[in-house]
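J.: Mind looking over this structure? Questions follow.
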Amino acid sequence: MVKDNYSPYRWVMMGTVCWAIASIYIVMITFSPILGTIAADLNVTMGAATNLMMGFVLAVAIFLMWGGLVADKYGITTALVLGLLCAFIPAVLQPAIGYSYGVVFISRLIEGASVGFIFACIGPVLALWFPLKERGIAGGLMIGSLSAGSAIGVVASPAILASTGSWQVTSAYLSIPAAVGIIMALAFTKKTPPAIPEMAATVSHAGRAMSFGEAFKMPITWLGSFILFFNAWNLYVLLNLVPGYLAHPIGVNLGEIVAGKVSLSVTLTGIVGMVVGGIIFDRVFKGYSKLSVMIGFAIGGIFTVLILASGVISNIALLVVVLLIAGFGIPFMNGAVSAHIAMTYPPQIVGRMVGWWFGFGTIGGALGLFLGGMLIDMTGSFMWSIMLAVLVCAVGFILGIWLKRPSM
């Protein structure tokens, strides 16, 4: 049977990509729960400090759009190492360079580029190493590592800051997993994937080869890109603005340590959401992405708005429950979306198409953070930035209605 041709080594490949993704999201989230401290140290407003998160996400969007070319042309190892270096070097150098807002902003742009190179590896790993019926769970685990890294970073960052008294040193400590990831990528990802007969059936849904340019003539390319645009808007607000909202006096005012622990609800349940979503996509929805997308946006929108409710924020236990469910929603669809991409395009361009979908989508995350920072400065409140993240879920839900299963 075809499935017997798939090497068990695929789980090593997947595990290495999982570590890489977790590492770079530890670097990303480092600033989030301690934004107030960073703003005070750099003598900038909270809105300007928020742009340090937005800059990271903006670079993610830009580099995702073409970072897949590295994975497709030069291989998974090159893409992983290049991405991890982009995260590691600026983070470990913060004790030397992190005293000017402009320099820190540029360093965040470089760190954000890491995601562009590494996320693009998801598509080739799925297409070249995994059978169709495992792509939902494998994609969910790899993208779920985003939440795993965020979970580690959101707790470790304020704890290390409290110990060292320096956010710059905190950044350097949290660059260590990226250094380990470089070693793992060089050691474990150079193996050639086995020749799989099933691969011939995935050359394209039309049964012929497809170029990167031709992919943009397909309506699904644009529909999927906009679905991820609104997906990323909500997700990055949850990951990057909600910890500040929980910690800062103009928000819930829990303080950095408590806010970091409470924010863990969002990130940990994101892991569960992606894994559970991938399993349901494979086993229950049988490759139909529409329901995964609609369910994810519905849960995300409903429970994100509840974060603002006075009855919720006055009750820590209830707040944690609401955050758990809010963090489950958007990630629930991501395993299905990554598998949808792998089933839609041929292996030769799937890395670039993963990069395009998630890159274009991440522009939504950058826009959400940019507008969120502006609204925080204009209103002195986090409310409208979070409300916008709720409204985009409604738009994403409507777009999900039009999503169709790829014809194989």
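Ordering of the structure tokens sets the chain letters (A, B, ...), residue numbers begin anew at 1 in every chain, and ligands are numbered from 1 in the order given.
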Taking the DSSP assignment computed from this structure's backbone, write out as a PyMOL selection string all residues of range 178-383 of chain A that belong to helix (DSSP H, G or I).
T.: chain A and resi 178-188+197-202+212-215+219-247+256-283+289-306+310-313+316-332+334-344+347-379+383
J.: Residues as selected, C-alpha atoms, written as a compact mmCIF listing (two decimals), in the first residue's frame, can you do that?
T.:
```txt
# COMPACT_ATOMS: atom_id res chain seq x y z
CA ALA A 178 16.53 29.46 18.41
CA ALA A 179 20.23 28.59 18.73
CA VAL A 180 19.29 25.00 19.59
CA GLY A 181 16.94 24.99 16.59
CA ILE A 182 19.81 25.85 14.23
CA ILE A 183 21.74 22.80 15.44
CA MET A 184 18.65 20.59 15.05
CA ALA A 185 17.97 21.84 11.51
CA LEU A 186 21.53 21.11 10.41
CA ALA A 187 21.48 17.68 12.04
CA PHE A 188 18.02 16.37 11.17
CA PRO A 197 3.37 7.11 -5.86
CA GLU A 198 0.62 9.21 -4.28
CA MET A 199 2.71 12.27 -5.07
CA ALA A 200 1.88 11.96 -8.73
CA ALA A 201 -1.80 12.47 -7.89
CA THR A 202 -1.04 15.78 -6.19
CA PHE A 212 3.46 29.85 -9.34
CA GLY A 213 1.98 32.54 -11.57
CA GLU A 214 -0.90 30.33 -12.67
CA ALA A 215 -1.87 29.76 -9.05
CA PRO A 219 -10.15 32.10 -7.03
CA ILE A 220 -9.21 29.85 -4.09
CA THR A 221 -5.82 31.60 -3.84
CA TRP A 222 -7.50 34.93 -3.14
CA LEU A 223 -10.33 33.54 -1.03
CA GLY A 224 -7.89 31.63 1.17
CA SER A 225 -5.55 34.61 1.44
CA PHE A 226 -8.34 36.86 2.72
CA ILE A 227 -9.57 34.19 5.13
CA LEU A 228 -6.09 34.13 6.64
CA PHE A 229 -6.00 37.96 6.59
CA PHE A 230 -8.86 38.05 9.10
CA ASN A 231 -7.58 34.94 10.88
CA ALA A 232 -4.23 36.62 11.58
CA TRP A 233 -5.86 39.90 12.63
CA ASN A 234 -7.69 38.21 15.49
CA LEU A 235 -4.84 35.85 16.37
CA TYR A 236 -2.13 38.52 16.64
CA VAL A 237 -4.36 40.80 18.68
CA LEU A 238 -4.97 37.92 21.10
CA LEU A 239 -1.26 37.07 21.29
CA ASN A 240 0.20 40.58 21.34
CA LEU A 241 -2.34 43.09 22.65
CA VAL A 242 -4.33 41.04 25.15
CA PRO A 243 -1.33 40.45 27.49
CA GLY A 244 -0.78 44.22 27.57
CA TYR A 245 -4.50 44.80 28.07
CA LEU A 246 -4.44 42.45 31.05
CA ALA A 247 -1.26 43.96 32.55
CA GLU A 256 2.98 41.91 34.32
CA ILE A 257 3.55 38.69 36.27
CA VAL A 258 -0.14 37.85 36.80
CA ALA A 259 -1.06 39.00 33.28
CA GLY A 260 1.60 36.70 31.82
CA LYS A 261 0.17 33.72 33.70
CA VAL A 262 -3.42 34.55 32.75
CA SER A 263 -2.41 35.12 29.10
CA LEU A 264 -1.09 31.58 29.10
CA SER A 265 -4.74 30.55 28.70
CA VAL A 266 -4.82 31.95 25.16
CA THR A 267 -1.58 30.38 24.04
CA LEU A 268 -1.95 26.93 25.59
CA THR A 269 -5.45 26.38 24.29
CA GLY A 270 -4.21 27.48 20.86
CA ILE A 271 -2.06 24.35 20.79
CA VAL A 272 -5.09 22.23 21.66
CA GLY A 273 -7.18 24.05 19.07
CA MET A 274 -4.76 23.36 16.24
CA VAL A 275 -4.25 19.71 17.13
CA VAL A 276 -7.94 19.01 17.75
CA GLY A 277 -8.85 20.99 14.64
CA GLY A 278 -6.42 18.94 12.56
CA ILE A 279 -7.78 15.65 13.87
CA ILE A 280 -11.39 16.71 13.24
CA PHE A 281 -10.46 17.90 9.75
CA ASP A 282 -8.87 14.51 8.97
CA ARG A 283 -11.33 12.19 10.73
CA SER A 289 -12.16 22.96 5.28
CA LYS A 290 -15.34 25.08 5.26
CA LEU A 291 -16.67 23.91 8.62
CA SER A 292 -13.28 24.24 10.30
CA VAL A 293 -12.99 27.86 9.13
CA MET A 294 -16.54 28.84 10.06
CA ILE A 295 -16.36 27.20 13.50
CA GLY A 296 -13.00 28.83 14.21
CA PHE A 297 -14.20 32.34 13.37
CA ALA A 298 -17.45 31.89 15.30
CA ILE A 299 -15.67 30.79 18.49
CA GLY A 300 -12.96 33.40 18.10
CA GLY A 301 -15.35 36.30 17.61
CA ILE A 302 -17.84 35.44 20.34
CA PHE A 303 -15.28 34.83 23.06
CA THR A 304 -12.93 37.66 22.12
CA VAL A 305 -15.70 40.20 22.73
CA LEU A 306 -16.37 38.64 26.14
CA SER A 310 -16.96 43.81 33.15
CA GLY A 311 -18.39 40.64 34.67
CA VAL A 312 -15.59 38.63 33.06
CA ILE A 313 -12.60 40.84 33.88
CA ILE A 316 -10.18 35.86 37.29
CA ALA A 317 -11.47 32.29 37.03
CA LEU A 318 -14.13 33.28 34.49
CA LEU A 319 -11.60 35.42 32.60
CA VAL A 320 -9.29 32.42 32.27
CA VAL A 321 -12.14 30.27 30.93
CA VAL A 322 -13.11 32.93 28.37
CA LEU A 323 -9.47 33.32 27.28
CA LEU A 324 -9.14 29.55 26.96
CA ILE A 325 -12.09 29.38 24.57
CA ALA A 326 -11.12 32.55 22.67
CA GLY A 327 -7.62 31.15 22.13
CA PHE A 328 -9.08 27.87 20.87
CA GLY A 329 -11.15 29.42 18.06
CA ILE A 330 -8.83 30.86 15.43
CA PRO A 331 -6.16 28.14 15.77
CA PHE A 332 -8.86 25.48 15.33
CA ASN A 334 -5.21 26.43 10.90
CA GLY A 335 -4.44 22.73 10.51
CA ALA A 336 -7.28 22.47 8.00
CA VAL A 337 -6.09 25.55 6.11
CA SER A 338 -2.49 24.31 5.84
CA ALA A 339 -3.72 20.91 4.64
CA HIS A 340 -6.05 22.66 2.17
CA ILE A 341 -3.05 24.45 0.66
CA ALA A 342 -1.05 21.21 0.40
CA MET A 343 -3.99 19.54 -1.38
CA THR A 344 -4.59 22.46 -3.76
CA PRO A 347 4.68 20.11 -4.39
CA GLN A 348 6.94 22.27 -6.59
CA ILE A 349 5.15 25.46 -5.54
CA VAL A 350 3.45 24.50 -2.28
CA GLY A 351 6.12 26.19 -0.15
CA ARG A 352 5.61 29.46 -1.97
CA MET A 353 1.84 29.14 -1.76
CA VAL A 354 1.97 28.49 2.00
CA GLY A 355 4.16 31.58 2.17
CA TRP A 356 1.74 33.62 0.06
CA TRP A 357 -1.42 32.58 1.93
CA PHE A 358 0.06 33.11 5.38
CA GLY A 359 2.08 36.14 4.26
CA PHE A 360 -0.88 37.95 2.78
CA GLY A 361 -2.88 36.85 5.80
CA THR A 362 -0.31 38.21 8.22
CA ILE A 363 -0.75 41.68 6.73
CA GLY A 364 -4.07 41.49 8.55
CA GLY A 365 -2.20 40.80 11.79
CA ALA A 366 0.11 43.77 11.21
CA LEU A 367 -2.83 46.03 10.34
CA GLY A 368 -4.72 44.92 13.43
CA LEU A 369 -1.75 45.75 15.66
CA PHE A 370 -1.03 49.07 13.90
CA LEU A 371 -4.63 50.26 14.14
CA GLY A 372 -4.83 48.84 17.64
CA GLY A 373 -1.83 50.90 18.74
CA MET A 374 -3.30 54.04 17.17
CA LEU A 375 -6.63 53.48 18.90
CA ILE A 376 -4.95 52.87 22.25
CA ASP A 377 -3.17 56.24 22.01
CA MET A 378 -6.28 58.03 20.69
CA THR A 379 -8.76 56.65 23.22
CA MET A 383 -11.46 48.41 23.88
```
J.: Fewer than 6 positions away in the same chain doesn't count, so skip those; otherwise give me all residues within 8 Å of Val125 in chain A, counting only C-alpha atoms, as a PyMOL selection string.
T.: chain A and resi 10+13-14
J.: Take the residues from that selection and put them in a file with N, CA and C atoms, as a JSON list (two decimals), in the first residue's frame.
T.:
```json
[["chain", "number", "residue", "atom", "x", "y", "z"],
["A", 10, "ARG", "N", 9.43, 11.03, 8.87],
["A", 10, "ARG", "CA", 8.61, 12.24, 8.67],
["A", 10, "ARG", "C", 8.33, 12.93, 10.00],
["A", 13, "MET", "N", 11.27, 15.14, 10.88],
["A", 13, "MET", "CA", 11.18, 16.37, 10.09],
["A", 13, "MET", "C", 10.16, 17.32, 10.71],
["A", 14, "MET", "N", 8.99, 16.77, 11.00],
["A", 14, "MET", "CA", 7.93, 17.59, 11.58],
["A", 14, "MET", "C", 8.35, 18.16, 12.94]]
```
J.: What separation in Å, quoted to one decimal, exists between CA of Ile176 in chain A and CA of Phe88 in chain A?
T.: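 CA of Phe88 in chain A lies 7.5 Å from CA of Ile176 in chain A.
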J.: My list of candidates is A:Ser23, A:Thr30, A:Thr189, A:Ser147. Which is closest to Arg108 in chain A when distances are computed with only C-alpha atoms?
T.: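 Using only C-alpha atoms, Arg108 in chain A sits closest to A:Thr30.
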J.: Go ahead and compute the interatomic distance for CA of Ala20 in chain A and CA of Val155 in chain A, in Å to one decimal.
T.: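 About the pair CA of Ala20 in chain A and CA of Val155 in chain A: they are 18.8 Å apart.
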J.: CA of Leu64 in chain A and CA of Ala113 in chain A are how many Å apart?
T.: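 Atom-to-atom, CA of Leu64 in chain A to CA of Ala113 in chain A, that is 7.7 Å.
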